[in-house]
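Source file: work-v3.cif; contents: mmCIF, C-alpha atoms; chains and numbers go by the auth columns.
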data_work
#
loop_
_atom_site.group_PDB
_atom_site.id
_atom_site.type_symbol
_atom_site.label_atom_id
_atom_site.label_comp_id
_atom_site.label_asym_id
_atom_site.label_seq_id
_atom_site.Cartn_x
_atom_site.Cartn_y
_atom_site.Cartn_z
_atom_site.B_iso_or_equiv
_atom_site.auth_seq_id
_atom_site.auth_asym_id
ATOM 1 C CA MET A 1 4.309 62.456 19.685 0.00 1 A
ATOM 2 C CA THR A 2 1.864 59.693 20.660 0.00 2 A
ATOM 3 C CA ARG A 3 4.561 57.395 22.070 0.00 3 A
ATOM 4 C CA HIS A 4 4.273 59.053 25.490 0.00 4 A
ATOM 5 C CA TRP A 5 0.553 58.299 25.871 0.00 5 A
ATOM 6 C CA THR A 6 0.659 55.294 28.149 0.00 6 A
ATOM 7 C CA PRO A 7 -2.610 53.545 29.056 0.00 7 A
ATOM 8 C CA LEU A 8 -2.486 55.177 32.483 0.00 8 A
ATOM 9 C CA ALA A 9 -1.997 58.624 30.907 0.00 9 A
ATOM 10 C CA VAL A 10 -5.084 57.978 28.772 0.00 10 A
ATOM 11 C CA VAL A 11 -7.100 56.961 31.866 0.00 11 A
ATOM 12 C CA TYR A 12 -6.107 60.203 33.594 0.00 12 A
ATOM 13 C CA LEU A 13 -6.963 62.180 30.455 0.00 13 A
ATOM 14 C CA VAL A 14 -10.414 60.552 30.266 0.00 14 A
ATOM 15 C CA ALA A 15 -10.948 61.398 33.947 0.00 15 A
ATOM 16 C CA ALA A 16 -9.951 64.998 33.258 0.00 16 A
ATOM 17 C CA VAL A 17 -12.408 65.259 30.362 0.00 17 A
ATOM 18 C CA ALA A 18 -15.160 63.670 32.485 0.00 18 A
ATOM 19 C CA GLY A 19 -14.444 66.190 35.216 0.00 19 A
ATOM 20 C CA LEU A 20 -14.568 69.100 32.806 0.00 20 A
ATOM 21 C CA VAL A 21 -17.753 67.988 31.051 0.00 21 A
ATOM 22 C CA GLY A 22 -19.504 66.985 34.271 0.00 22 A
ATOM 23 C CA THR A 23 -18.768 70.144 36.209 0.00 23 A
ATOM 24 C CA TRP A 24 -19.245 72.607 33.377 0.00 24 A
ATOM 25 C CA THR A 25 -22.538 71.034 32.327 0.00 25 A
ATOM 26 C CA CYS A 26 -23.826 71.776 35.808 0.00 26 A
ATOM 27 C CA ASN A 27 -22.212 75.221 35.815 0.00 27 A
ATOM 28 C CA ALA A 28 -23.847 76.054 32.469 0.00 28 A
ATOM 29 C CA MET A 29 -27.217 74.940 33.855 0.00 29 A
ATOM 30 C CA ALA A 30 -26.740 77.206 36.860 0.00 30 A
ATOM 31 C CA ILE A 31 -25.891 80.166 34.631 0.00 31 A
ATOM 32 C CA ALA A 32 -28.785 79.475 32.245 0.00 32 A
ATOM 33 C CA GLU A 33 -31.219 79.259 35.148 0.00 33 A
ATOM 34 C CA GLY A 34 -29.826 82.436 36.719 0.00 34 A
ATOM 35 C CA ARG A 35 -29.064 80.554 39.938 0.00 35 A
ATOM 36 C CA ASP A 36 -27.119 81.962 42.870 0.00 36 A
ATOM 37 C CA PHE A 37 -24.098 79.677 42.562 0.00 37 A
ATOM 38 C CA VAL A 38 -22.699 80.381 46.035 0.00 38 A
ATOM 39 C CA GLY A 39 -26.141 80.177 47.634 0.00 39 A
ATOM 40 C CA ASP A 40 -26.796 76.866 45.880 0.00 40 A
ATOM 41 C CA LEU A 41 -23.634 75.405 47.408 0.00 41 A
ATOM 42 C CA VAL A 42 -25.213 75.571 50.841 0.00 42 A
ATOM 43 C CA SER A 43 -28.651 74.411 49.733 0.00 43 A
ATOM 44 C CA ASN A 44 -29.168 72.509 46.458 0.00 44 A
ATOM 45 C CA GLY A 45 -29.101 72.932 42.709 0.00 45 A
ATOM 46 C CA PRO A 46 -26.602 72.714 39.861 0.00 46 A
ATOM 47 C CA ALA A 47 -23.783 74.091 42.000 0.00 47 A
ATOM 48 C CA VAL A 48 -24.044 71.096 44.324 0.00 48 A
ATOM 49 C CA SER A 49 -24.050 68.746 41.339 0.00 49 A
ATOM 50 C CA SER A 50 -20.963 70.503 39.996 0.00 50 A
ATOM 51 C CA ILE A 51 -18.983 70.193 43.220 0.00 51 A
ATOM 52 C CA THR A 52 -20.114 66.593 43.678 0.00 52 A
ATOM 53 C CA THR A 53 -18.903 65.709 40.182 0.00 53 A
ATOM 54 C CA ASP A 54 -15.677 67.592 40.839 0.00 54 A
ATOM 55 C CA LEU A 55 -14.938 65.680 44.031 0.00 55 A
ATOM 56 C CA LEU A 56 -15.964 62.324 42.596 0.00 56 A
ATOM 57 C CA VAL A 57 -13.639 62.633 39.592 0.00 57 A
ATOM 58 C CA VAL A 58 -10.750 63.730 41.822 0.00 58 A
ATOM 59 C CA ALA A 59 -11.372 60.805 44.185 0.00 59 A
ATOM 60 C CA VAL A 60 -11.427 58.295 41.317 0.00 60 A
ATOM 61 C CA ALA A 61 -8.239 59.688 39.753 0.00 61 A
ATOM 62 C CA GLY A 62 -6.580 59.810 43.187 0.00 62 A
ATOM 63 C CA GLY A 63 -7.636 56.233 43.873 0.00 63 A
ATOM 64 C CA ILE A 64 -6.048 55.100 40.625 0.00 64 A
ATOM 65 C CA LEU A 65 -2.885 56.993 41.548 0.00 65 A
ATOM 66 C CA ILE A 66 -2.812 55.358 44.979 0.00 66 A
ATOM 67 C CA VAL A 67 -2.993 51.856 43.501 0.00 67 A
ATOM 68 C CA VAL A 68 -0.557 52.421 40.620 0.00 68 A
ATOM 69 C CA GLU A 69 2.063 54.367 42.583 0.00 69 A
ATOM 70 C CA SER A 70 1.858 52.019 45.570 0.00 70 A
ATOM 71 C CA ARG A 71 2.581 49.062 43.305 0.00 71 A
ATOM 72 C CA ARG A 72 5.409 50.916 41.586 0.00 72 A
ATOM 73 C CA ILE A 73 7.269 51.725 44.792 0.00 73 A
ATOM 74 C CA GLY A 74 6.326 48.585 46.721 0.00 74 A
ATOM 75 C CA MET A 75 3.887 50.031 49.251 0.00 75 A
ATOM 76 C CA ARG A 76 1.585 47.423 50.748 0.00 76 A
ATOM 77 C CA PHE A 77 -2.118 47.716 51.562 0.00 77 A
ATOM 78 C CA ALA A 78 -3.008 50.335 48.929 0.00 78 A
ATOM 79 C CA TRP A 79 -6.542 48.951 49.025 0.00 79 A
ATOM 80 C CA ALA A 80 -6.858 50.098 52.659 0.00 80 A
ATOM 81 C CA TYR A 81 -6.614 53.749 51.604 0.00 81 A
ATOM 82 C CA ILE A 82 -9.396 53.257 49.051 0.00 82 A
ATOM 83 C CA VAL A 83 -11.654 51.467 51.535 0.00 83 A
ATOM 84 C CA GLY A 84 -10.722 53.999 54.200 0.00 84 A
ATOM 85 C CA SER A 85 -11.858 56.857 51.986 0.00 85 A
ATOM 86 C CA ALA A 86 -15.333 55.326 51.802 0.00 86 A
ATOM 87 C CA LEU A 87 -15.422 54.967 55.590 0.00 87 A
ATOM 88 C CA THR A 88 -13.917 58.362 56.465 0.00 88 A
ATOM 89 C CA ALA A 89 -13.152 60.818 53.652 0.00 89 A
ATOM 90 C CA PHE A 90 -10.800 61.027 50.692 0.00 90 A
ATOM 91 C CA ALA A 91 -9.666 64.362 52.172 0.00 91 A
ATOM 92 C CA PHE A 92 -8.198 62.246 54.991 0.00 92 A
ATOM 93 C CA THR A 93 -6.932 59.129 53.241 0.00 93 A
ATOM 94 C CA PHE A 94 -5.251 60.815 50.261 0.00 94 A
ATOM 95 C CA PRO A 95 -2.985 63.094 52.343 0.00 95 A
ATOM 96 C CA LEU A 96 -2.330 60.136 54.657 0.00 96 A
ATOM 97 C CA TRP A 97 -1.258 58.068 51.654 0.00 97 A
ATOM 98 C CA LEU A 98 0.944 60.949 50.437 0.00 98 A
ATOM 99 C CA ALA A 99 2.670 61.032 53.824 0.00 99 A
ATOM 100 C CA MET A 100 3.211 57.274 53.804 0.00 100 A
ATOM 101 C CA ARG A 101 4.456 57.480 50.207 0.00 101 A
ATOM 102 C CA GLU A 102 7.064 60.048 51.235 0.00 102 A
ATOM 103 C CA ARG A 103 8.207 57.741 54.032 0.00 103 A
ATOM 104 C CA ARG A 104 8.528 54.882 51.536 0.00 104 A
ATOM 105 C CA LEU A 105 10.483 57.032 49.072 0.00 105 A
ATOM 106 C CA ALA A 106 12.836 58.144 51.863 0.00 106 A
ATOM 107 C CA ALA A 107 13.400 54.507 52.848 0.00 107 A
ATOM 108 C CA LEU A 108 14.143 53.597 49.225 0.00 108 A
ATOM 109 C CA ARG A 109 16.658 56.471 48.970 0.00 109 A
ATOM 110 C CA GLU A 110 18.326 55.283 52.156 0.00 110 A
ATOM 111 C CA GLU A 111 18.521 51.711 50.850 0.00 111 A
ATOM 112 C CA ARG A 112 20.269 52.951 47.681 0.00 112 A
ATOM 113 C CA ARG A 113 22.884 54.843 49.716 0.00 113 A
ATOM 114 C CA ALA A 114 23.704 51.891 51.970 0.00 114 A
ATOM 115 C CA PRO A 115 26.710 49.833 50.806 0.00 115 A
#
Mind converting the file's structure to structure tokens?
Amino acid sequence: MTRHWTPLAVVYLVAAVAGLVGTWTCNAMAIAEGRDFVGDLVSNGPAVSSITTDLLVVAVAGGILIVVESRRIGMRFAWAYIVGSALTAFAFTFPLWLAMRERRLAALREERRAP
């Protein structure tokens, strides 16, 4: 059963646990304090901490995916997507990377078909 737990799978699992603990700690604080969760999202409070933790964990896991998958399929300049996310937004660079990944996978499929 444990033979399928690669180091990368463990890293993703740790990120998932960090995301769960980080967000739900803040959510529990909001509930305990009787906060208006939706109202806090547009002002401040535990809800903002929860969403910040949520986005940070997703960005870290996505960054790891970008580097690992880019290496696996031979995409160059994976670092540019990571740096670009700090300069623009991960909501921009991750879908951009996904699009470029699809282009790379299509090119690899075409190379395999060529005689």
Expand the PyMOL selection byres ((chain A and resi 22-39) around 12) into the individual residues it matches in the shown file, reporting them as a ChimeraX atom specification. /A:14-21,40-58
Could you dump the residues just selected with C-alpha atoms as a CSV table (one decimal), in the frame of the given file?
chain,number,residue,atom,x,y,z
A,14,VAL,CA,-10.4,60.6,30.3
A,15,ALA,CA,-10.9,61.4,33.9
A,16,ALA,CA,-10.0,65.0,33.3
A,17,VAL,CA,-12.4,65.3,30.4
A,18,ALA,CA,-15.2,63.7,32.5
A,19,GLY,CA,-14.4,66.2,35.2
A,20,LEU,CA,-14.6,69.1,32.8
A,21,VAL,CA,-17.8,68.0,31.1
A,40,ASP,CA,-26.8,76.9,45.9
A,41,LEU,CA,-23.6,75.4,47.4
A,42,VAL,CA,-25.2,75.6,50.8
A,43,SER,CA,-28.7,74.4,49.7
A,44,ASN,CA,-29.2,72.5,46.5
A,45,GLY,CA,-29.1,72.9,42.7
A,46,PRO,CA,-26.6,72.7,39.9
A,47,ALA,CA,-23.8,74.1,42.0
A,48,VAL,CA,-24.0,71.1,44.3
A,49,SER,CA,-24.0,68.7,41.3
A,50,SER,CA,-21.0,70.5,40.0
A,51,ILE,CA,-19.0,70.2,43.2
A,52,THR,CA,-20.1,66.6,43.7
A,53,THR,CA,-18.9,65.7,40.2
A,54,ASP,CA,-15.7,67.6,40.8
A,55,LEU,CA,-14.9,65.7,44.0
A,56,LEU,CA,-16.0,62.3,42.6
A,57,VAL,CA,-13.6,62.6,39.6
A,58,VAL,CA,-10.8,63.7,41.8
Given the file above and the PyMOL selection byres ((chain A and resi 72-84) around 10), which residues are selected, and can you give them as a ChimeraX atom specification? /A:59-60,62-71,85-90,92-94,96-97,100-101,104-105,108
I need the chosen residues saved as an mmCIF file, keeping the file's coordinate frame, with C-alpha atoms.
data_model
loop_
_atom_site.group_PDB
_atom_site.id
_atom_site.type_symbol
_atom_site.label_atom_id
_atom_site.label_comp_id
_atom_site.auth_asym_id
_atom_site.auth_seq_id
_atom_site.Cartn_x
_atom_site.Cartn_y
_atom_site.Cartn_z
ATOM 1 C CA ALA A 59 -11.372 60.805 44.185
ATOM 2 C CA VAL A 60 -11.427 58.295 41.317
ATOM 3 C CA GLY A 62 -6.580 59.810 43.187
ATOM 4 C CA GLY A 63 -7.636 56.233 43.873
ATOM 5 C CA ILE A 64 -6.048 55.100 40.625
ATOM 6 C CA LEU A 65 -2.885 56.993 41.548
ATOM 7 C CA ILE A 66 -2.812 55.358 44.979
ATOM 8 C CA VAL A 67 -2.993 51.856 43.501
ATOM 9 C CA VAL A 68 -0.557 52.421 40.620
ATOM 10 C CA GLU A 69 2.063 54.367 42.583
ATOM 11 C CA SER A 70 1.858 52.019 45.570
ATOM 12 C CA ARG A 71 2.581 49.062 43.305
ATOM 13 C CA SER A 85 -11.858 56.857 51.986
ATOM 14 C CA ALA A 86 -15.333 55.326 51.802
ATOM 15 C CA LEU A 87 -15.422 54.967 55.590
ATOM 16 C CA THR A 88 -13.917 58.362 56.465
ATOM 17 C CA ALA A 89 -13.152 60.818 53.652
ATOM 18 C CA PHE A 90 -10.800 61.027 50.692
ATOM 19 C CA PHE A 92 -8.198 62.246 54.991
ATOM 20 C CA THR A 93 -6.932 59.129 53.241
ATOM 21 C CA PHE A 94 -5.251 60.815 50.261
ATOM 22 C CA LEU A 96 -2.330 60.136 54.657
ATOM 23 C CA TRP A 97 -1.258 58.068 51.654
ATOM 24 C CA MET A 100 3.211 57.274 53.804
ATOM 25 C CA ARG A 101 4.456 57.480 50.207
ATOM 26 C CA ARG A 104 8.528 54.882 51.536
ATOM 27 C CA LEU A 105 10.483 57.032 49.072
ATOM 28 C CA LEU A 108 14.143 53.597 49.225
#
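In this model, the gap between atom CA of A:Val10 and atom CA of A:Leu98 comes to 22.7 Å.
Distance-wise, atom CA of A:Arg103 and atom CA of A:Pro115 end up 20.4 Å apart.
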